[in-house]
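Since the structure comes first, as structure tokens, the remarks are kept for the end.
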Amino acid sequence: MNGEDEKLKFHCLGGGNEVGRSCHILEYKGKVVMLDAGVHPAYTGLESLPFYDDFDLSRVDILLISHFHLDHAASLPYVMQHTNFKGRVFMTYPTKAIYKWLLNDFVRVTNIADDSESDENKNSFLYTDEDLAESFDKIETVDYHSTIDVDGIKFTAYHAGHVLGAAMFFIEMGGLKILFTGDYSREEDRHLSSAEVPHKRPDLLITESTFGTATHIPRLEREHKLTKMIHSTLQQGGKCLLPVFALGRAQEILLILEEYWEAHSDLQKYPIYYASDLAKKCMAVYQRYIYMMNEGIRKKMTETNVNPFFFKYVKNITHMERMNDRLPCVILASPGMLQSGVSRRILEKWAPDPKNSVILTGYSIDGTMAKNILREPQEIPSMNNSGTTIPRRINVEEISFAAHVDFEQNSEFIDLVNPKKIVLVHGESNPMGRLKSALLSKYKKSKNAEEEIKIYNPKNSTVLDLEFKAEKVAKVVGKLAANLPEDGDHIKGILVQKNFNVNLMAVDDIKEFTTLTTTTITQRQTIRCYANRSIVHWQFSQMFGDVNVLNDGEDNYEFKVMDCIIVKHDDKNYVTVVEWESGIMEDSIADSAVAILLSCDSAPSSVKLTSHSCMHNHHSENGHTENSDIVEKSSTSVKEEPEENTKTDKNTVLVKQEEHDQINVKTEPMEEVSISATDVYAGIDETTKLERITLLLETQFGSAFSHDLAQNKGTIKIGKNEAIINYSDFTVDCKPGALKGRIEGIIARCLELVSPLN
């Protein structure tokens, strides 16, 4: 089938011109896919949610979670337990394992933040531990590179780098291909592989734009800068704080520090603390999924038989009281944005000492303490005592280990997947705008061409209507597939669509190849008809041409018309039954059959036929005609005469009225009569005949018929075809043979109908 424009609706509920509360919805041909369900780290309660009120979540078929970070997954329990969402939720095995512990901590921290009963604070509790437990049981897991089909929506998970379990999703709906990257990294680090490039070309790429047009410092240079600053701080007697997410970049940095401590014996007296309530549980997940990491770490595990995530110099702690921070030390503490929790308490405690350092290793979102402290303010607000400020003398440094693509990596990846359209998400307004401008400049040569790549950077609550050329393909199955037509021939069947799959099949194959069933409705209509079988047969022959006699019994006469309508005529009881299987064409033919029967015994042509039958019937031995029942049942065919018999010419019928109204017909001996067209038309003037014929043609063809008496002709125009009727001899001039034959047949019947009775 030819390609047609198809529209995909892209709803941006979060992550539009911002980093946080990522949530996007794809709507195509009645199917709805939701991508991520995060919260915004800079806000609390309902204010942190995506704009869920902008879309009816009950329509969502599937929800795909790219990875476990809070800005991509933390509002999932709210969606599943406190909205009308009814769809299925999918994520990878590591994501589900970590998601549970991470969100347990999120609930605990949220509730601890303020445990009062005010309405304002109640508003900050998005969901409870019970909500989280119930939602967790409903989540389904997927393997990388396995394709899942949910009612015609197919999706495949690919490695995205970024964090353990992070996935890009390649989605196919009705022939449309979409790639959602989530947060992804194209740089292999100490434990994760770089993001994969799917082997199929997507029509639409939805990609992050976190760093815009910025370029990352090379990995080894970043590691050297980090270890050098930590080493320097410790030698000066200071302490180092590294705010991190509990899972993700924390494990990468721990691997770096473990290796550095192993190589520098002078540092081994300084402890490295991994301060998180989830520290032990998080490390257990990483130790378990070691074989889902890159080849380097798997090789190390094989060669040494030692799990790299069993650290020698790192101590996991869940309470600050167990931490000895009187001496120099290094602490990795969550959360990474410093908005609350362990990392915030340590920052406030260490901030007044200029010997200490805080190194921000992740991406900092506007509105968080991590972003504010980069501006090196003189004071910072206390988390627990509003109105109280703390002097800031601690050194602040940003060395980003955020596993997001920079401009070069993002641009290269876009070239490799070669999408037709791009939607930029997960980026602050300015970096995202710069990235869009840079990409448009890069692809300006294709502008206004068929291969032009269009780029969009929607804001929150924006709906994009994206048009794509889609090829419609139908699969031929069943009997039709066994006998495929030759080139140029047509194939007829029933198109059955289930989800996005379209099959062409014969009606008889519907039950076998689908879950559908077929029902045949047989309709029957009974009509009182006083015409005999000869008249009925003749009338149907004139209308339909082909009449297939099925039964010619003594009292019952049965025939089939157009291979679909059965007519059963009862000569004895004057009842006719019309029977057919219901259908558009069959119903129309049945209506015509009923109309014929209703007027059968009174139509002028029937009157003529009956009278002719009387004239040509032979005498029986007792003087009655052998077919006198025609006269009895069609009284209109008999002309009453005076009581005494009157001798007439050869064509006159003699009628005598008996005392019981029995009509007996006698005829004088006569010869075989051959009636020509001229004989039939005799006795009627030409003007009257022409008026009647044109009236009948007008009734038959409506506005398609017009006539010109001056030119002695009539014209019938149907589409591009034109037929001219010559009134002098009623011949038809028309190129299409089918139309000419139809008109000639109708004119012949018209000429018979307008003829006078003889």
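Ordered as shown in the structure tokens, chains take letters A, B, and onward, while each chain numbers its residues from 1 and ligands are numbered from 1 in the order shown.
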Within 8 Å of stretch 439-444 of chain A using only C-alpha atoms, minus same-chain residues under 5 positions, as a PyMOL selection string
chain A and resi 411+452-453+455
Near stretch 542-545 of chain A, counting only C-alpha atoms, which residues have an atom at most 8 Å away, once you skip same-chain residues fewer than 3 positions from it, shown as a PyMOL selection string?
chain A and resi 538-539+561-562+749
Which parts of stretch 394-486 of chain A does DSSP call strand (DSSP E or B) when run on the backbone here, written out as a list in words?
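Residues meeting the strand (DSSP E or B) criterion: Asn395, Val396, Glu397, Glu398, Lys421, Ile422, Val423, Leu424, Val425, Lys454, Ile455, Tyr456, Thr462, Val463, Leu464, Asp465, Leu466, Glu467, Phe468, Lys469, Ala470, Ala474, Lys475 and Val476 of chain A.
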For C-alpha atoms, I'd like the residues from the last selection saved as an mmCIF file, in the first residue's frame.
```
data_model
loop_
_atom_site.group_PDB
_atom_site.id
_atom_site.type_symbol
_atom_site.label_atom_id
_atom_site.label_comp_id
_atom_site.auth_asym_id
_atom_site.auth_seq_id
_atom_site.Cartn_x
_atom_site.Cartn_y
_atom_site.Cartn_z
ATOM 1 C CA ASN A 395 36.790 24.793 49.269
ATOM 2 C CA VAL A 396 34.395 24.050 46.406
ATOM 3 C CA GLU A 397 35.436 22.218 43.255
ATOM 4 C CA GLU A 398 33.471 20.675 40.399
ATOM 5 C CA LYS A 421 13.385 13.592 13.510
ATOM 6 C CA ILE A 422 14.939 14.475 16.887
ATOM 7 C CA VAL A 423 13.295 15.555 20.145
ATOM 8 C CA LEU A 424 15.657 16.989 22.774
ATOM 9 C CA VAL A 425 14.775 16.416 26.442
ATOM 10 C CA LYS A 454 13.878 18.247 12.033
ATOM 11 C CA ILE A 455 14.790 19.028 15.647
ATOM 12 C CA TYR A 456 12.423 19.930 18.490
ATOM 13 C CA THR A 462 3.807 20.880 25.205
ATOM 14 C CA VAL A 463 2.277 18.498 22.647
ATOM 15 C CA LEU A 464 4.126 17.915 19.375
ATOM 16 C CA ASP A 465 2.340 16.590 16.281
ATOM 17 C CA LEU A 466 5.050 14.768 14.345
ATOM 18 C CA GLU A 467 4.257 13.579 10.823
ATOM 19 C CA PHE A 468 5.867 10.510 9.307
ATOM 20 C CA LYS A 469 5.537 8.670 6.027
ATOM 21 C CA ALA A 470 4.290 5.192 6.860
ATOM 22 C CA ALA A 474 -0.999 -6.310 4.565
ATOM 23 C CA LYS A 475 -0.040 -9.968 4.871
ATOM 24 C CA VAL A 476 -2.005 -12.350 2.637
#
```
All residues 9 Å or closer to A:Arg222, only C-alpha atoms, same chain fewer than 4 positions away omitted, as a ChimeraX atom specification:
/A:216-218,226-227,399-401
Export N, CA and C atoms of the chosen residues as a PDB file, in the first residue's frame?
```pdb
ATOM      1  N   HIS A 216      33.439  17.202  27.512  1.00  0.00           N
ATOM      2  CA  HIS A 216      33.998  16.652  28.741  1.00  0.00           C
ATOM      3  C   HIS A 216      35.528  16.657  28.718  1.00  0.00           C
ATOM      4  N   ILE A 217      36.097  16.793  29.901  1.00  0.00           N
ATOM      5  CA  ILE A 217      37.536  16.556  30.069  1.00  0.00           C
ATOM      6  C   ILE A 217      37.765  15.053  29.906  1.00  0.00           C
ATOM      7  N   PRO A 218      38.821  14.627  29.241  1.00  0.00           N
ATOM      8  CA  PRO A 218      39.092  13.192  29.091  1.00  0.00           C
ATOM      9  C   PRO A 218      39.064  12.466  30.435  1.00  0.00           C
ATOM     10  N   LEU A 226      40.898  14.593  40.243  1.00  0.00           N
ATOM     11  CA  LEU A 226      40.170  14.213  41.451  1.00  0.00           C
ATOM     12  C   LEU A 226      41.123  13.702  42.530  1.00  0.00           C
ATOM     13  N   THR A 227      41.943  12.740  42.173  1.00  0.00           N
ATOM     14  CA  THR A 227      42.844  12.139  43.166  1.00  0.00           C
ATOM     15  C   THR A 227      43.865  13.153  43.674  1.00  0.00           C
ATOM     16  N   ILE A 399      34.300  18.565  39.585  1.00  0.00           N
ATOM     17  CA  ILE A 399      34.979  17.647  38.660  1.00  0.00           C
ATOM     18  C   ILE A 399      33.923  16.628  38.242  1.00  0.00           C
ATOM     19  N   SER A 400      33.317  16.854  37.116  1.00  0.00           N
ATOM     20  CA  SER A 400      32.135  16.082  36.734  1.00  0.00           C
ATOM     21  C   SER A 400      32.486  14.674  36.269  1.00  0.00           C
ATOM     22  N   PHE A 401      31.901  13.706  36.954  1.00  0.00           N
ATOM     23  CA  PHE A 401      31.936  12.313  36.519  1.00  0.00           C
ATOM     24  C   PHE A 401      30.537  11.871  36.069  1.00  0.00           C
TER      25      PHE A 401
END
```
Near A:Val79, within 12 Å and counting only C-alpha atoms, which residues show up once chain neighbours fewer than 4 positions away are dropped, as a PyMOL selection string?
chain A and resi 23+34+36-39+46+49-53+56-58+60+63+73-75+83-89+126-127+131-132+134-135
Write to file, as a PDB file, in the first residue's frame, the residues of the selection just made, with C-alpha atoms.
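Output below, filename result_31.pdb:
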```pdb
ATOM      1  CA  CYS A  23       8.270  11.908  31.763  1.00  0.00           C
ATOM      2  CA  MET A  34       4.941   6.372  28.638  1.00  0.00           C
ATOM      3  CA  ASP A  36       9.994   7.409  32.710  1.00  0.00           C
ATOM      4  CA  ALA A  37       8.229   8.780  35.782  1.00  0.00           C
ATOM      5  CA  GLY A  38      10.616  10.887  37.857  1.00  0.00           C
ATOM      6  CA  VAL A  39      10.531  13.716  40.377  1.00  0.00           C
ATOM      7  CA  LEU A  46       3.194  17.255  44.468  1.00  0.00           C
ATOM      8  CA  LEU A  49       5.849  15.577  40.025  1.00  0.00           C
ATOM      9  CA  PRO A  50       5.596  15.692  36.237  1.00  0.00           C
ATOM     10  CA  PHE A  51       2.485  17.391  34.897  1.00  0.00           C
ATOM     11  CA  TYR A  52       0.319  14.266  35.074  1.00  0.00           C
ATOM     12  CA  ASP A  53      -2.911  16.268  34.926  1.00  0.00           C
ATOM     13  CA  ASP A  56      -5.344  10.739  31.011  1.00  0.00           C
ATOM     14  CA  LEU A  57      -2.980   8.084  32.409  1.00  0.00           C
ATOM     15  CA  SER A  58      -5.674   5.399  32.142  1.00  0.00           C
ATOM     16  CA  VAL A  60      -1.295   4.347  28.855  1.00  0.00           C
ATOM     17  CA  LEU A  63       5.454   2.470  30.924  1.00  0.00           C
ATOM     18  CA  ALA A  73      11.788   6.706  38.493  1.00  0.00           C
ATOM     19  CA  ALA A  74      10.805   8.189  41.873  1.00  0.00           C
ATOM     20  CA  SER A  75       7.168   9.022  41.022  1.00  0.00           C
ATOM     21  CA  THR A  83      -3.692   7.690  39.601  1.00  0.00           C
ATOM     22  CA  ASN A  84      -5.988   5.886  37.153  1.00  0.00           C
ATOM     23  CA  PHE A  85      -2.975   4.279  35.448  1.00  0.00           C
ATOM     24  CA  LYS A  86      -3.813   0.728  34.264  1.00  0.00           C
ATOM     25  CA  GLY A  87      -0.854  -0.129  32.030  1.00  0.00           C
ATOM     26  CA  ARG A  88       2.115  -2.467  32.405  1.00  0.00           C
ATOM     27  CA  VAL A  89       5.508  -1.314  33.727  1.00  0.00           C
ATOM     28  CA  LEU A 126       3.730  11.236  47.652  1.00  0.00           C
ATOM     29  CA  TYR A 127       3.341   7.615  48.736  1.00  0.00           C
ATOM     30  CA  ASP A 131       2.381   1.855  48.104  1.00  0.00           C
ATOM     31  CA  LEU A 132       5.978   1.123  47.123  1.00  0.00           C
ATOM     32  CA  GLU A 134       2.410  -2.983  46.081  1.00  0.00           C
ATOM     33  CA  SER A 135       3.779  -1.216  43.018  1.00  0.00           C
TER      34      SER A 135
END
```
Between atom CA of A:Ala275 and atom CA of A:Asn316, distance in Å (one decimal):
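For atom CA of A:Ala275 relative to atom CA of A:Asn316, the distance reads 6.2 Å.
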Would you kindly return, as a list in words, each protein, DNA or RNA residue with an atom no farther than 12 Å from any atom of A:Gln711, considering only C-alpha atoms and excluding same-chain residues fewer than 2 positions away?
Ser706, His707, Asp708, Leu709, Lys713, Gly714, Thr715, Ile724, Ile725, Asn726, Tyr727 and Ser728 of chain A
To test your reading of the structure, identify every residue in stretch 171-311 of chain A that backbone DSSP assigns to alpha helix (DSSP H), and report it as a PyMOL selection string.
chain A and resi 219-235+249-263+279-288+295-304
All residues 10 Å or closer to stretch 517-525 of chain A, only C-alpha atoms, same chain fewer than 3 positions away omitted, as a PyMOL selection string
chain A and resi 507-512+514+566-567+576-583+587+590+594
Print the selection's residues with N, CA, C and O atoms to a file, as a PDB file, in the first residue's frame.
```pdb
ATOM      1  N   VAL A 507     -13.185 -14.718   3.471  1.00  0.00           N
ATOM      2  CA  VAL A 507     -14.165 -14.723   4.557  1.00  0.00           C
ATOM      3  C   VAL A 507     -14.147 -16.052   5.301  1.00  0.00           C
ATOM      4  O   VAL A 507     -14.248 -16.106   6.529  1.00  0.00           O
ATOM      5  N   ASP A 508     -13.964 -17.151   4.558  1.00  0.00           N
ATOM      6  CA  ASP A 508     -13.981 -18.482   5.171  1.00  0.00           C
ATOM      7  C   ASP A 508     -12.813 -18.698   6.123  1.00  0.00           C
ATOM      8  O   ASP A 508     -12.855 -19.603   6.960  1.00  0.00           O
ATOM      9  N   ASP A 509     -11.753 -17.888   5.990  1.00  0.00           N
ATOM     10  CA  ASP A 509     -10.561 -18.072   6.827  1.00  0.00           C
ATOM     11  C   ASP A 509     -10.574 -17.230   8.091  1.00  0.00           C
ATOM     12  O   ASP A 509      -9.638 -17.303   8.898  1.00  0.00           O
ATOM     13  N   ILE A 510     -11.590 -16.402   8.266  1.00  0.00           N
ATOM     14  CA  ILE A 510     -11.610 -15.492   9.418  1.00  0.00           C
ATOM     15  C   ILE A 510     -11.543 -16.253  10.734  1.00  0.00           C
ATOM     16  O   ILE A 510     -10.782 -15.911  11.638  1.00  0.00           O
ATOM     17  N   LYS A 511     -12.309 -17.323  10.843  1.00  0.00           N
ATOM     18  CA  LYS A 511     -12.348 -18.074  12.093  1.00  0.00           C
ATOM     19  C   LYS A 511     -11.019 -18.750  12.385  1.00  0.00           C
ATOM     20  O   LYS A 511     -10.582 -18.839  13.532  1.00  0.00           O
ATOM     21  N   GLU A 512     -10.339 -19.226  11.335  1.00  0.00           N
ATOM     22  CA  GLU A 512      -9.089 -19.958  11.525  1.00  0.00           C
ATOM     23  C   GLU A 512      -7.929 -19.039  11.889  1.00  0.00           C
ATOM     24  O   GLU A 512      -7.085 -19.393  12.719  1.00  0.00           O
ATOM     25  N   THR A 514      -8.116 -15.713  12.968  1.00  0.00           N
ATOM     26  CA  THR A 514      -8.381 -14.651  13.933  1.00  0.00           C
ATOM     27  C   THR A 514      -9.243 -15.198  15.065  1.00  0.00           C
ATOM     28  O   THR A 514      -9.693 -16.351  15.030  1.00  0.00           O
ATOM     29  N   ILE A 566     -33.558 -16.313  -3.468  1.00  0.00           N
ATOM     30  CA  ILE A 566     -34.434 -17.444  -3.798  1.00  0.00           C
ATOM     31  C   ILE A 566     -35.886 -16.982  -3.697  1.00  0.00           C
ATOM     32  O   ILE A 566     -36.289 -16.390  -2.682  1.00  0.00           O
ATOM     33  N   VAL A 567     -36.658 -17.237  -4.758  1.00  0.00           N
ATOM     34  CA  VAL A 567     -38.077 -16.887  -4.805  1.00  0.00           C
ATOM     35  C   VAL A 567     -38.884 -18.172  -4.863  1.00  0.00           C
ATOM     36  O   VAL A 567     -38.671 -19.011  -5.751  1.00  0.00           O
ATOM     37  N   THR A 576     -45.988 -15.827  -2.124  1.00  0.00           N
ATOM     38  CA  THR A 576     -44.614 -15.881  -2.632  1.00  0.00           C
ATOM     39  C   THR A 576     -43.654 -15.522  -1.491  1.00  0.00           C
ATOM     40  O   THR A 576     -43.867 -14.533  -0.786  1.00  0.00           O
ATOM     41  N   VAL A 577     -42.611 -16.319  -1.333  1.00  0.00           N
ATOM     42  CA  VAL A 577     -41.611 -16.101  -0.286  1.00  0.00           C
ATOM     43  C   VAL A 577     -40.283 -15.721  -0.940  1.00  0.00           C
ATOM     44  O   VAL A 577     -39.817 -16.409  -1.852  1.00  0.00           O
ATOM     45  N   VAL A 578     -39.695 -14.623  -0.475  1.00  0.00           N
ATOM     46  CA  VAL A 578     -38.373 -14.189  -0.938  1.00  0.00           C
ATOM     47  C   VAL A 578     -37.380 -14.456   0.202  1.00  0.00           C
ATOM     48  O   VAL A 578     -37.590 -14.015   1.329  1.00  0.00           O
ATOM     49  N   GLU A 579     -36.308 -15.169  -0.103  1.00  0.00           N
ATOM     50  CA  GLU A 579     -35.342 -15.571   0.930  1.00  0.00           C
ATOM     51  C   GLU A 579     -33.928 -15.244   0.471  1.00  0.00           C
ATOM     52  O   GLU A 579     -33.568 -15.488  -0.681  1.00  0.00           O
ATOM     53  N   TRP A 580     -33.111 -14.684   1.385  1.00  0.00           N
ATOM     54  CA  TRP A 580     -31.734 -14.331   1.018  1.00  0.00           C
ATOM     55  C   TRP A 580     -30.866 -14.192   2.264  1.00  0.00           C
ATOM     56  O   TRP A 580     -31.368 -13.980   3.370  1.00  0.00           O
ATOM     57  N   GLU A 581     -29.551 -14.323   2.071  1.00  0.00           N
ATOM     58  CA  GLU A 581     -28.586 -14.084   3.139  1.00  0.00           C
ATOM     59  C   GLU A 581     -28.225 -12.606   3.133  1.00  0.00           C
ATOM     60  O   GLU A 581     -27.807 -12.066   2.112  1.00  0.00           O
ATOM     61  N   SER A 582     -28.363 -11.976   4.288  1.00  0.00           N
ATOM     62  CA  SER A 582     -28.233 -10.521   4.373  1.00  0.00           C
ATOM     63  C   SER A 582     -26.842 -10.039   3.989  1.00  0.00           C
ATOM     64  O   SER A 582     -25.829 -10.635   4.356  1.00  0.00           O
ATOM     65  N   GLY A 583     -26.823  -8.977   3.213  1.00  0.00           N
ATOM     66  CA  GLY A 583     -25.593  -8.322   2.779  1.00  0.00           C
ATOM     67  C   GLY A 583     -25.970  -7.056   2.042  1.00  0.00           C
ATOM     68  O   GLY A 583     -27.140  -6.865   1.668  1.00  0.00           O
ATOM     69  N   ASP A 587     -29.231  -7.354  -0.027  1.00  0.00           N
ATOM     70  CA  ASP A 587     -30.402  -6.607   0.443  1.00  0.00           C
ATOM     71  C   ASP A 587     -30.992  -5.735  -0.663  1.00  0.00           C
ATOM     72  O   ASP A 587     -32.210  -5.603  -0.785  1.00  0.00           O
ATOM     73  N   ALA A 590     -32.808  -7.994  -3.075  1.00  0.00           N
ATOM     74  CA  ALA A 590     -34.048  -8.466  -2.455  1.00  0.00           C
ATOM     75  C   ALA A 590     -35.124  -7.385  -2.491  1.00  0.00           C
ATOM     76  O   ALA A 590     -36.305  -7.677  -2.728  1.00  0.00           O
ATOM     77  N   VAL A 594     -38.823  -7.839  -4.195  1.00  0.00           N
ATOM     78  CA  VAL A 594     -40.097  -7.570  -3.510  1.00  0.00           C
ATOM     79  C   VAL A 594     -40.921  -6.555  -4.293  1.00  0.00           C
ATOM     80  O   VAL A 594     -42.140  -6.697  -4.436  1.00  0.00           O
TER      81      VAL A 594
END
```
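Residues in contact with A:Ser703 at 10 Å, where only C-alpha atoms are counted and same-chain residues fewer than 2 positions away are skipped, are listed as Glu698, Thr699, Gln700, Phe701, Phe705, Ser706, Ile716, Lys717 and Ile718 of chain A.
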Tell me which of A:Ser340, A:Thr318, A:Thr302, A:Ser66 sits closest to A:Tyr43, counting only C-alpha atoms.
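For A:Tyr43, the nearest of the given residues is A:Ser340.
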Identify which of the residues A:Arg219, A:Pro41, A:Asp54, A:Asp151 lies closest to A:Lys498, counting only C-alpha atoms when measuring atom-to-atom distances.
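The closest residue to A:Lys498 is A:Asp151.
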One residue among A:Leu76, A:Met283, A:Leu204, A:Ala160 is nearest to A:Ala97 when using only C-alpha atoms, and that residue is A:Met283
